[in-house]
$ cat structure-v4.pdb   # PDB, C-alpha atoms
ATOM      1  CA  MET P   1     -31.694 -25.210  45.316
ATOM      2  CA  GLU P   2     -34.601 -23.595  43.504
ATOM      3  CA  ALA P   3     -36.422 -20.982  45.608
ATOM      4  CA  ASN P   4     -40.027 -21.862  46.447
ATOM      5  CA  PRO P   5     -40.161 -24.776  43.981
ATOM      6  CA  PRO P   6     -43.585 -26.026  42.957
ATOM      7  CA  PRO P   7     -44.856 -29.127  44.784
ATOM      8  CA  LEU P   8     -44.385 -32.453  43.034
ATOM      9  CA  ALA P   9     -47.201 -34.944  42.674
ATOM     10  CA  PRO P  10     -46.427 -37.962  44.875
ATOM     11  CA  PRO P  11     -46.553 -41.373  43.204
ATOM     12  CA  SER P  12     -50.130 -42.448  42.572
ATOM     13  CA  GLY P  13     -49.293 -46.157  42.771
ATOM     14  CA  PRO P  14     -46.663 -48.742  41.807
ATOM     15  CA  GLU P  15     -47.116 -47.913  38.117
ATOM     16  CA  ALA P  16     -45.542 -44.495  38.795
ATOM     17  CA  LEU P  17     -42.315 -46.142  40.006
ATOM     18  CA  THR P  18     -39.359 -47.688  38.227
ATOM     19  CA  GLY P  19     -37.351 -49.940  40.527
ATOM     20  CA  LEU P  20     -33.618 -49.673  39.823
ATOM     21  CA  VAL P  21     -31.145 -52.194  41.237
ATOM     22  CA  LEU P  22     -27.723 -50.579  41.604
ATOM     23  CA  ALA P  23     -25.057 -53.072  40.510
ATOM     24  CA  GLY P  24     -22.524 -50.751  38.917
ATOM     25  CA  GLY P  25     -19.932 -50.492  41.678
ATOM     26  CA  GLN P  26     -16.368 -51.779  41.798
ATOM     27  CA  ALA P  27     -16.772 -53.787  45.060
ATOM     28  CA  THR P  28     -13.136 -53.286  46.019
ATOM     29  CA  ARG P  29     -13.624 -54.880  49.473
ATOM     30  CA  MET P  30     -14.950 -57.997  47.736
ATOM     31  CA  GLY P  31     -11.850 -58.243  45.564
ATOM     32  CA  GLY P  32     -13.576 -56.562  42.639
ATOM     33  CA  ALA P  33     -16.311 -59.199  42.384
ATOM     34  CA  ASP P  34     -19.578 -58.242  40.718
ATOM     35  CA  LYS P  35     -21.711 -58.354  43.865
ATOM     36  CA  GLY P  36     -24.970 -58.751  42.014
ATOM     37  CA  ARG P  37     -23.632 -61.956  40.480
ATOM     38  CA  LEU P  38     -22.358 -63.467  43.746
ATOM     39  CA  GLY P  39     -24.061 -66.725  44.635
ATOM     40  CA  LEU P  40     -26.411 -66.639  47.596
ATOM     41  CA  LYS P  41     -28.083 -69.938  48.431
ATOM     42  CA  GLY P  42     -27.691 -71.028  44.820
ATOM     43  CA  ARG P  43     -28.932 -67.864  43.105
ATOM     44  CA  PRO P  44     -27.252 -64.607  42.079
ATOM     45  CA  MET P  45     -27.752 -61.971  44.726
ATOM     46  CA  ALA P  46     -29.396 -59.585  42.249
ATOM     47  CA  ALA P  47     -32.073 -62.210  41.568
ATOM     48  CA  TRP P  48     -33.116 -62.074  45.222
ATOM     49  CA  VAL P  49     -33.273 -58.270  45.108
ATOM     50  CA  LEU P  50     -35.261 -58.147  41.859
ATOM     51  CA  GLU P  51     -37.743 -60.667  43.219
ATOM     52  CA  ARG P  52     -38.205 -58.645  46.398
ATOM     53  CA  LEU P  53     -38.588 -55.348  44.537
ATOM     54  CA  ALA P  54     -40.838 -56.441  41.650
ATOM     55  CA  PRO P  55     -44.207 -56.372  43.509
ATOM     56  CA  GLN P  56     -43.515 -52.844  44.734
ATOM     57  CA  VAL P  57     -42.979 -51.075  41.404
ATOM     58  CA  GLY P  58     -44.390 -50.835  37.894
ATOM     59  CA  ALA P  59     -41.110 -51.441  36.038
ATOM     60  CA  LEU P  60     -37.676 -52.842  36.835
ATOM     61  CA  ALA P  61     -34.157 -52.137  35.576
ATOM     62  CA  VAL P  62     -30.561 -52.801  36.604
ATOM     63  CA  ASN P  63     -27.706 -50.301  36.620
ATOM     64  CA  ALA P  64     -24.654 -52.411  35.733
ATOM     65  CA  ASN P  65     -21.344 -51.756  34.001
ATOM     66  CA  ARG P  66     -20.297 -55.375  33.447
ATOM     67  CA  ASN P  67     -22.004 -58.713  32.881
ATOM     68  CA  GLY P  68     -24.833 -56.866  31.187
ATOM     69  CA  ALA P  69     -26.007 -59.934  29.287
ATOM     70  CA  ALA P  70     -26.319 -61.934  32.516
ATOM     71  CA  TYR P  71     -28.506 -59.256  34.091
ATOM     72  CA  ALA P  72     -30.548 -58.829  30.903
ATOM     73  CA  ALA P  73     -31.207 -62.573  30.920
ATOM     74  CA  ARG P  74     -33.380 -61.962  33.975
ATOM     75  CA  GLY P  75     -35.791 -60.089  31.702
ATOM     76  CA  VAL P  76     -34.970 -56.524  32.734
ATOM     77  CA  PRO P  77     -33.281 -53.654  30.876
ATOM     78  CA  VAL P  78     -29.700 -52.905  31.844
ATOM     79  CA  TRP P  79     -28.698 -49.256  32.131
ATOM     80  CA  PRO P  80     -24.934 -48.712  32.494
ATOM     81  CA  ASP P  81     -23.462 -45.498  33.836
ATOM     82  CA  ARG P  82     -23.553 -42.682  31.312
ATOM     83  CA  LEU P  83     -20.279 -41.345  32.718
ATOM     84  CA  PRO P  84     -16.785 -42.903  32.546
ATOM     85  CA  GLY P  85     -14.713 -44.027  35.502
ATOM     86  CA  LEU P  86     -17.382 -45.846  37.547
ATOM     87  CA  PRO P  87     -18.090 -42.834  39.779
ATOM     88  CA  GLY P  88     -20.392 -44.752  42.115
ATOM     89  CA  PRO P  89     -24.082 -44.839  43.055
ATOM     90  CA  LEU P  90     -24.669 -41.174  42.181
ATOM     91  CA  ALA P  91     -23.926 -42.150  38.576
ATOM     92  CA  GLY P  92     -26.394 -45.018  38.996
ATOM     93  CA  TRP P  93     -29.050 -42.548  40.075
ATOM     94  CA  HIS P  94     -28.169 -40.458  37.029
ATOM     95  CA  ALA P  95     -28.535 -43.424  34.662
ATOM     96  CA  GLY P  96     -31.877 -44.337  36.205
ATOM     97  CA  LEU P  97     -33.364 -40.854  35.930
ATOM     98  CA  ALA P  98     -32.070 -40.471  32.380
ATOM     99  CA  HIS P  99     -33.723 -43.700  31.191
ATOM    100  CA  ALA P 100     -36.892 -44.007  33.279
ATOM    101  CA  THR P 101     -40.270 -43.352  31.698
ATOM    102  CA  THR P 102     -42.005 -43.079  35.079
ATOM    103  CA  PRO P 103     -41.974 -39.883  37.170
ATOM    104  CA  TRP P 104     -40.289 -41.580  40.137
ATOM    105  CA  VAL P 105     -37.376 -44.022  40.475
ATOM    106  CA  LEU P 106     -36.855 -46.270  43.506
ATOM    107  CA  THR P 107     -33.228 -47.366  43.936
ATOM    108  CA  VAL P 108     -31.844 -50.246  45.977
ATOM    109  CA  PRO P 109     -28.393 -51.892  46.071
ATOM    110  CA  CYS P 110     -27.835 -55.270  44.440
ATOM    111  CA  ASP P 111     -26.590 -56.800  47.709
ATOM    112  CA  ALA P 112     -29.606 -56.298  49.997
ATOM    113  CA  PRO P 113     -31.815 -59.366  49.456
ATOM    114  CA  ARG P 114     -33.866 -58.736  52.619
ATOM    115  CA  LEU P 115     -34.953 -55.231  51.628
ATOM    116  CA  PRO P 116     -38.335 -54.335  53.175
ATOM    117  CA  HIS P 117     -41.470 -55.586  51.452
ATOM    118  CA  ASP P 118     -43.007 -52.171  52.137
ATOM    119  CA  LEU P 119     -40.013 -50.056  51.111
ATOM    120  CA  ALA P 120     -41.819 -48.362  48.222
ATOM    121  CA  HIS P 121     -44.999 -47.840  50.236
ATOM    122  CA  ARG P 122     -43.160 -46.216  53.132
ATOM    123  CA  LEU P 123     -41.043 -43.950  50.922
ATOM    124  CA  VAL P 124     -44.141 -42.875  48.996
ATOM    125  CA  GLN P 125     -45.807 -42.062  52.321
ATOM    126  CA  ALA P 126     -42.792 -39.927  53.225
ATOM    127  CA  VAL P 127     -42.963 -37.763  50.081
ATOM    128  CA  THR P 128     -46.732 -37.511  50.481
ATOM    129  CA  ARG P 129     -46.518 -36.249  54.073
ATOM    130  CA  GLN P 130     -43.624 -33.902  53.346
ATOM    131  CA  PRO P 131     -43.633 -32.654  49.740
ATOM    132  CA  SER P 132     -40.165 -33.572  48.527
ATOM    133  CA  GLU P 133     -38.209 -34.515  45.450
ATOM    134  CA  LEU P 134     -36.309 -37.320  47.174
ATOM    135  CA  ALA P 135     -36.901 -39.700  50.076
ATOM    136  CA  LEU P 136     -34.431 -41.879  51.965
ATOM    137  CA  ALA P 137     -34.842 -44.905  54.188
ATOM    138  CA  VAL P 138     -33.548 -44.597  57.761
ATOM    139  CA  CYS P 139     -32.831 -47.481  60.138
ATOM    140  CA  PRO P 140     -30.889 -47.989  63.394
ATOM    141  CA  GLY P 141     -27.120 -47.988  63.004
ATOM    142  CA  GLU P 142     -24.711 -50.170  64.965
ATOM    143  CA  ASP P 143     -25.121 -47.947  68.032
ATOM    144  CA  GLY P 144     -28.897 -47.715  67.624
ATOM    145  CA  THR P 145     -28.820 -44.161  66.273
ATOM    146  CA  PRO P 146     -31.132 -43.582  63.274
ATOM    147  CA  THR P 147     -28.925 -43.655  60.194
ATOM    148  CA  ASP P 148     -29.688 -42.716  56.593
ATOM    149  CA  GLN P 149     -29.540 -45.546  54.050
ATOM    150  CA  PRO P 150     -29.053 -43.284  51.021
ATOM    151  CA  VAL P 151     -28.967 -45.933  48.294
ATOM    152  CA  PHE P 152     -32.470 -46.989  49.374
ATOM    153  CA  ALA P 153     -34.030 -43.928  47.811
ATOM    154  CA  LEU P 154     -37.054 -42.620  45.971
ATOM    155  CA  LEU P 155     -36.179 -39.906  43.436
ATOM    156  CA  HIS P 156     -38.271 -37.682  41.215
ATOM    157  CA  CYS P 157     -37.030 -37.492  37.639
ATOM    158  CA  SER P 158     -36.977 -33.690  37.787
ATOM    159  CA  LEU P 159     -33.743 -34.122  39.772
ATOM    160  CA  LEU P 160     -31.841 -35.096  36.609
ATOM    161  CA  PRO P 161     -30.407 -31.619  35.818
ATOM    162  CA  ALA P 162     -29.263 -31.158  39.414
ATOM    163  CA  LEU P 163     -27.649 -34.593  39.365
ATOM    164  CA  GLU P 164     -25.833 -33.794  36.125
ATOM    165  CA  ALA P 165     -24.565 -30.534  37.597
ATOM    166  CA  ALA P 166     -23.350 -32.262  40.772
ATOM    167  CA  LEU P 167     -21.526 -34.948  38.814
ATOM    168  CA  ALA P 168     -19.953 -32.342  36.525
ATOM    169  CA  GLN P 169     -18.585 -30.630  39.645
ATOM    170  CA  GLY P 170     -16.966 -33.886  40.768
ATOM    171  CA  GLN P 171     -19.520 -34.782  43.417
ATOM    172  CA  ARG P 172     -19.808 -38.534  44.014
ATOM    173  CA  GLY P 173     -21.620 -39.036  47.320
ATOM    174  CA  VAL P 174     -25.346 -39.759  47.318
ATOM    175  CA  ALA P 175     -25.684 -38.620  50.950
ATOM    176  CA  ARG P 176     -24.169 -35.225  50.191
ATOM    177  CA  PHE P 177     -26.442 -34.782  47.203
ATOM    178  CA  ALA P 178     -29.506 -35.698  49.274
ATOM    179  CA  GLN P 179     -28.548 -33.088  51.862
ATOM    180  CA  SER P 180     -28.742 -30.408  49.177
ATOM    181  CA  ARG P 181     -32.287 -31.278  48.105
ATOM    182  CA  ARG P 182     -35.796 -31.349  49.542
ATOM    183  CA  THR P 183     -35.495 -34.760  51.174
ATOM    184  CA  ALA P 184     -38.048 -36.701  53.216
ATOM    185  CA  ARG P 185     -37.245 -39.739  55.333
ATOM    186  CA  ALA P 186     -39.010 -42.985  56.185
ATOM    187  CA  VAL P 187     -37.898 -44.626  59.439
ATOM    188  CA  PHE P 188     -37.664 -48.428  59.597
ATOM    189  CA  SER P 189     -37.043 -50.389  62.787
ATOM    190  CA  ASP P 190     -35.514 -53.546  61.266
ATOM    191  CA  ALA P 191     -31.860 -52.904  60.493
ATOM    192  CA  ALA P 192     -31.461 -56.495  59.236
ATOM    193  CA  ALA P 193     -33.690 -55.668  56.268
ATOM    194  CA  PHE P 194     -30.957 -53.329  55.049
ATOM    195  CA  ALA P 195     -28.059 -55.723  55.623
ATOM    196  CA  ASN P 196     -25.739 -55.768  52.635
ATOM    197  CA  VAL P 197     -22.469 -57.356  51.567
ATOM    198  CA  ASN P 198     -19.079 -55.663  51.454
ATOM    199  CA  THR P 199     -16.839 -58.528  52.600
ATOM    200  CA  PRO P 200     -16.797 -62.342  52.340
ATOM    201  CA  GLU P 201     -17.616 -62.478  56.067
ATOM    202  CA  GLN P 202     -20.735 -60.381  55.522
ATOM    203  CA  LEU P 203     -21.779 -62.719  52.731
ATOM    204  CA  GLN P 204     -21.586 -65.630  55.167
ATOM    205  CA  ALA P 205     -23.587 -63.659  57.734
ATOM    206  CA  LEU P 206     -26.233 -62.887  55.131
ATOM    207  CA  GLU P 207     -26.527 -66.571  54.291
ATOM    208  CA  ALA P 208     -27.290 -67.156  57.972
ATOM    209  CA  LEU P 209     -29.865 -64.339  58.043
ATOM    210  CA  LEU P 210     -31.697 -65.879  55.106
ATOM    211  CA  GLN P 211     -32.169 -69.026  57.177
ATOM    212  CA  ALA P 212     -34.086 -67.042  59.799
ATOM    213  CA  PRO P 213     -37.840 -66.477  59.549
ATOM    214  CA  GLU P 214     -38.965 -62.921  58.833
TER     215      GLU P 214
END

$ encode --input "structure-v4.pdb" --output "structure tokens"
Amino acid sequence: MEANPPPLAPPSGPEALTGLVLAGGQATRMGGADKGRLGLKGRPMAAWVLERLAPQVGALAVNANRNGAAYAARGVPVWPDRLPGLPGPLAGWHAGLAHATTPWVLTVPCDAPRLPHDLAHRLVQAVTRQPSELALAVCPGEDGTPTDQPVFALLHCSLLPALEAALAQGQRGVARFAQSRRTARAVFSDAAAFANVNTPEQLQALEALLQAPE
């Protein structure tokens, strides 16, 4: 990490943020299904996420490596991984930082349709309180212990060279990368807002959650 790096200007408002929906994974536990295209109450899951994220940011994009035309039909640019082999969400971060024209990128997974309405606001507060180049959401885990949600992240575009170096060294984990940087955290109390889908059973549970009032 750079010694005594200069402070970064926190986002001045939504227009300083690009919201990036991460839909580039292989979803092996879902039988290889494209999770962003899975139906949830009659709409693709990514549509729910885009709708939830749009008011919080100045621009939207999707990181996807298949079904690009279907995602583009929702009126957003599609940014596939710039690296071969589908190396995971760290490659999605890399694609977002490489393409974004805003100084900050807010990333969320394509399978979290109940993401917090104030996700961007709270992450911006975190990097404002604690000058950082990255902020992560934190919420209670299954045992109630605060747990990082590293794909719900706010990243400054100056991280791009460090990301490229990490990927070149074979690093794939977003949590490990975050540990190596100046990282702030925003704590959320509602774990259900971060509920995502890795199995058919979790998809059914999410359908039930969407029936409940917020």

$ resolve_selection --input "structure-v4.pdb" --expression "the PyMOL selection byres ((chain P and resi 112) around 7)" --output "list in words"
Val49, Pro109, Cys110, Asp111, Pro113, Arg114, Leu115, Phe194, Ala195 and Asn196 of chain P

$ closest_atom_pairs --input "structure-v4.pdb" --of "segment 139-202 of chain P" --to "segment 31-48 of chain P" --cutoff "9 Å" --atoms "all atoms listed in the file" --output "JSON lines"
{"residue": "P:Val197", "atom": "CA", "partner": "P:Lys35", "partner_atom": "CA", "distance": 7.8}
{"residue": "P:Asn198", "atom": "CA", "partner": "P:Lys35", "partner_atom": "CA", "distance": 8.5}
{"residue": "P:Thr199", "atom": "CA", "partner": "P:Gly31", "partner_atom": "CA", "distance": 8.6}

$ resolve_selection --input "structure-v4.pdb" --expression "the PyMOL selection byres ((chain P and resi 182-190) around 7)" --output "number ranges by chain"
P: 122-123, 126-127, 130, 132-140, 178, 181, 191-193

$ atom_distance --input "structure-v4.pdb" --atom1 "atom CA of Glu15 of chain P" --atom2 "atom CA of Val151 of chain P"
20.9 Å

$ axis_aligned_box --input "structure-v4.pdb" --around "segment 177-192 of chain P" --padding-each-side "8 Å" --output "AutoDock Vina command-line options"
--center_x -32.7 --center_y -43.5 --center_z 55.0 --size_x 28.6 --size_y 42.1 --size_z 31.6

$ closest_residue --input "structure-v4.pdb" --among "P:Gln56, P:Ser158, P:Gln202, P:Ser180" --to "His94 of chain P" --atoms "only C-alpha atoms"
P:Ser158

$ atom_distance --input "structure-v4.pdb" --atom1 "atom CA of Leu8 of chain P" --atom2 "atom CA of Thr101 of chain P"
16.3 Å

$ residues_around --input "structure-v4.pdb" --residues "Ala9 of chain P" --least-positions-apart "3" --cutoff "10 Å" --atoms "all atoms listed in the file" --output "list in words"
Pro6, Ser12, Pro103, Trp104, Val127, Thr128, Pro131, Ser132, Glu133 and His156 of chain P

$ closest_residue --input "structure-v4.pdb" --among "P:Ala73, P:Ala16, P:Ala153, P:Val174" --to "Thr107 of chain P" --atoms "only C-alpha atoms"
P:Ala153

$ atom_distance --input "structure-v4.pdb" --atom1 "atom CA of Arg82 of chain P" --atom2 "atom CA of Gly173 of chain P"
16.5 Å

$ resolve_selection --input "structure-v4.pdb" --expression "the PyMOL selection byres ((chain P and resi 170) around 12)" --output "list in words"
Leu83, Gly85, Pro87, Gly88, Leu90, Ala91, Leu163, Glu164, Ala165, Ala166, Leu167, Ala168, Gln169, Gln171, Arg172, Gly173, Arg176 and Phe177 of chain P

$ residues_around --input "structure-v4.pdb" --residues "Val78 of chain P" --least-positions-apart "3" --cutoff "9 Å" --atoms "all atoms listed in the file" --output "PDB file with C-alpha atoms, in the coordinates of the input"
ATOM      1  CA  ALA P  61     -34.157 -52.137  35.576  1.00  0.00           C
ATOM      2  CA  VAL P  62     -30.561 -52.801  36.604  1.00  0.00           C
ATOM      3  CA  ASN P  63     -27.706 -50.301  36.620  1.00  0.00           C
ATOM      4  CA  ALA P  64     -24.654 -52.411  35.733  1.00  0.00           C
ATOM      5  CA  ASN P  65     -21.344 -51.756  34.001  1.00  0.00           C
ATOM      6  CA  GLY P  68     -24.833 -56.866  31.187  1.00  0.00           C
ATOM      7  CA  ALA P  69     -26.007 -59.934  29.287  1.00  0.00           C
ATOM      8  CA  TYR P  71     -28.506 -59.256  34.091  1.00  0.00           C
ATOM      9  CA  ALA P  72     -30.548 -58.829  30.903  1.00  0.00           C
TER      10      ALA P  72
END

$ residues_near_point --input "structure-v4.pdb" --point "(-45.3, -50.7, 40.6)" --cutoff "7 Å" --atoms "all atoms listed in the file" --output "MDAnalysis selection string"
chainID P and resid 13:17 55:59

$ build_atoms --input "structure-v4.pdb" --residues "segment 102-113 of chain P" --atoms "all heavy atoms" --output "PDB file, keeping the file's coordinate frame"
ATOM      1  N   THR P 102     -41.083 -43.377  33.980  1.00  0.00           N
ATOM      2  CA  THR P 102     -42.005 -43.079  35.079  1.00  0.00           C
ATOM      3  C   THR P 102     -41.525 -41.808  35.774  1.00  0.00           C
ATOM      4  O   THR P 102     -40.338 -41.455  35.691  1.00  0.00           O
ATOM      5  CB  THR P 102     -42.037 -44.227  36.094  1.00  0.00           C
ATOM      6  OG1 THR P 102     -40.697 -44.449  36.590  1.00  0.00           O
ATOM      7  CG2 THR P 102     -42.567 -45.504  35.465  1.00  0.00           C
ATOM      8  N   PRO P 103     -42.412 -41.117  36.505  1.00  0.00           N
ATOM      9  CA  PRO P 103     -41.974 -39.883  37.170  1.00  0.00           C
ATOM     10  C   PRO P 103     -41.067 -40.106  38.363  1.00  0.00           C
ATOM     11  O   PRO P 103     -40.332 -39.198  38.760  1.00  0.00           O
ATOM     12  CB  PRO P 103     -43.286 -39.216  37.580  1.00  0.00           C
ATOM     13  CG  PRO P 103     -44.291 -40.313  37.630  1.00  0.00           C
ATOM     14  CD  PRO P 103     -43.880 -41.306  36.587  1.00  0.00           C
ATOM     15  N   TRP P 104     -41.091 -41.293  38.946  1.00  0.00           N
ATOM     16  CA  TRP P 104     -40.289 -41.580  40.137  1.00  0.00           C
ATOM     17  C   TRP P 104     -39.452 -42.839  39.909  1.00  0.00           C
ATOM     18  O   TRP P 104     -39.879 -43.766  39.225  1.00  0.00           O
ATOM     19  CB  TRP P 104     -41.185 -41.794  41.354  1.00  0.00           C
ATOM     20  CG  TRP P 104     -41.926 -40.567  41.804  1.00  0.00           C
ATOM     21  CD1 TRP P 104     -43.133 -40.133  41.333  1.00  0.00           C
ATOM     22  CD2 TRP P 104     -41.526 -39.634  42.797  1.00  0.00           C
ATOM     23  NE1 TRP P 104     -43.510 -38.979  41.981  1.00  0.00           N
ATOM     24  CE2 TRP P 104     -42.543 -38.649  42.896  1.00  0.00           C
ATOM     25  CE3 TRP P 104     -40.409 -39.535  43.642  1.00  0.00           C
ATOM     26  CZ2 TRP P 104     -42.468 -37.577  43.779  1.00  0.00           C
ATOM     27  CZ3 TRP P 104     -40.341 -38.469  44.538  1.00  0.00           C
ATOM     28  CH2 TRP P 104     -41.360 -37.511  44.592  1.00  0.00           C
ATOM     29  N   VAL P 105     -38.277 -42.863  40.526  1.00  0.00           N
ATOM     30  CA  VAL P 105     -37.376 -44.022  40.475  1.00  0.00           C
ATOM     31  C   VAL P 105     -37.036 -44.424  41.905  1.00  0.00           C
ATOM     32  O   VAL P 105     -36.654 -43.581  42.727  1.00  0.00           O
ATOM     33  CB  VAL P 105     -36.083 -43.698  39.700  1.00  0.00           C
ATOM     34  CG1 VAL P 105     -35.083 -44.855  39.790  1.00  0.00           C
ATOM     35  CG2 VAL P 105     -36.400 -43.390  38.237  1.00  0.00           C
ATOM     36  N   LEU P 106     -37.193 -45.707  42.195  1.00  0.00           N
ATOM     37  CA  LEU P 106     -36.855 -46.270  43.506  1.00  0.00           C
ATOM     38  C   LEU P 106     -35.563 -47.063  43.353  1.00  0.00           C
ATOM     39  O   LEU P 106     -35.508 -48.013  42.567  1.00  0.00           O
ATOM     40  CB  LEU P 106     -37.981 -47.184  43.990  1.00  0.00           C
ATOM     41  CG  LEU P 106     -37.744 -47.964  45.282  1.00  0.00           C
ATOM     42  CD1 LEU P 106     -37.575 -47.028  46.462  1.00  0.00           C
ATOM     43  CD2 LEU P 106     -38.886 -48.940  45.534  1.00  0.00           C
ATOM     44  N   THR P 107     -34.514 -46.686  44.074  1.00  0.00           N
ATOM     45  CA  THR P 107     -33.228 -47.366  43.936  1.00  0.00           C
ATOM     46  C   THR P 107     -32.919 -48.204  45.164  1.00  0.00           C
ATOM     47  O   THR P 107     -33.221 -47.814  46.297  1.00  0.00           O
ATOM     48  CB  THR P 107     -32.071 -46.371  43.706  1.00  0.00           C
ATOM     49  OG1 THR P 107     -31.826 -45.609  44.899  1.00  0.00           O
ATOM     50  CG2 THR P 107     -32.385 -45.431  42.554  1.00  0.00           C
ATOM     51  N   VAL P 108     -32.312 -49.363  44.913  1.00  0.00           N
ATOM     52  CA  VAL P 108     -31.844 -50.246  45.977  1.00  0.00           C
ATOM     53  C   VAL P 108     -30.524 -50.856  45.524  1.00  0.00           C
ATOM     54  O   VAL P 108     -30.286 -51.006  44.330  1.00  0.00           O
ATOM     55  CB  VAL P 108     -32.857 -51.377  46.291  1.00  0.00           C
ATOM     56  CG1 VAL P 108     -34.181 -50.802  46.777  1.00  0.00           C
ATOM     57  CG2 VAL P 108     -33.084 -52.267  45.084  1.00  0.00           C
ATOM     58  N   PRO P 109     -29.643 -51.246  46.457  1.00  0.00           N
ATOM     59  CA  PRO P 109     -28.393 -51.892  46.071  1.00  0.00           C
ATOM     60  C   PRO P 109     -28.618 -53.352  45.703  1.00  0.00           C
ATOM     61  O   PRO P 109     -29.580 -53.980  46.149  1.00  0.00           O
ATOM     62  CB  PRO P 109     -27.522 -51.750  47.321  1.00  0.00           C
ATOM     63  CG  PRO P 109     -28.506 -51.727  48.446  1.00  0.00           C
ATOM     64  CD  PRO P 109     -29.725 -51.027  47.915  1.00  0.00           C
ATOM     65  N   CYS P 110     -27.692 -53.889  44.920  1.00  0.00           N
ATOM     66  CA  CYS P 110     -27.835 -55.270  44.440  1.00  0.00           C
ATOM     67  C   CYS P 110     -27.515 -56.293  45.507  1.00  0.00           C
ATOM     68  O   CYS P 110     -27.686 -57.502  45.277  1.00  0.00           O
ATOM     69  CB  CYS P 110     -26.928 -55.494  43.230  1.00  0.00           C
ATOM     70  SG  CYS P 110     -25.156 -55.409  43.621  1.00  0.00           S
ATOM     71  N   ASP P 111     -27.041 -55.848  46.678  1.00  0.00           N
ATOM     72  CA  ASP P 111     -26.590 -56.800  47.709  1.00  0.00           C
ATOM     73  C   ASP P 111     -27.425 -56.703  48.978  1.00  0.00           C
ATOM     74  O   ASP P 111     -26.917 -56.918  50.081  1.00  0.00           O
ATOM     75  CB  ASP P 111     -25.101 -56.571  48.024  1.00  0.00           C
ATOM     76  CG  ASP P 111     -24.813 -55.146  48.509  1.00  0.00           C
ATOM     77  OD1 ASP P 111     -25.708 -54.280  48.397  1.00  0.00           O
ATOM     78  OD2 ASP P 111     -23.693 -54.903  49.003  1.00  0.00           O
ATOM     79  N   ALA P 112     -28.717 -56.397  48.828  1.00  0.00           N
ATOM     80  CA  ALA P 112     -29.606 -56.298  49.997  1.00  0.00           C
ATOM     81  C   ALA P 112     -30.843 -57.156  49.769  1.00  0.00           C
ATOM     82  O   ALA P 112     -31.948 -56.644  49.563  1.00  0.00           O
ATOM     83  CB  ALA P 112     -29.985 -54.844  50.248  1.00  0.00           C
ATOM     84  N   PRO P 113     -30.706 -58.482  49.816  1.00  0.00           N
ATOM     85  CA  PRO P 113     -31.815 -59.366  49.456  1.00  0.00           C
ATOM     86  C   PRO P 113     -32.963 -59.389  50.453  1.00  0.00           C
ATOM     87  O   PRO P 113     -34.014 -59.957  50.158  1.00  0.00           O
ATOM     88  CB  PRO P 113     -31.149 -60.745  49.358  1.00  0.00           C
ATOM     89  CG  PRO P 113     -29.966 -60.658  50.259  1.00  0.00           C
ATOM     90  CD  PRO P 113     -29.470 -59.250  50.124  1.00  0.00           C
TER      91      PRO P 113
END
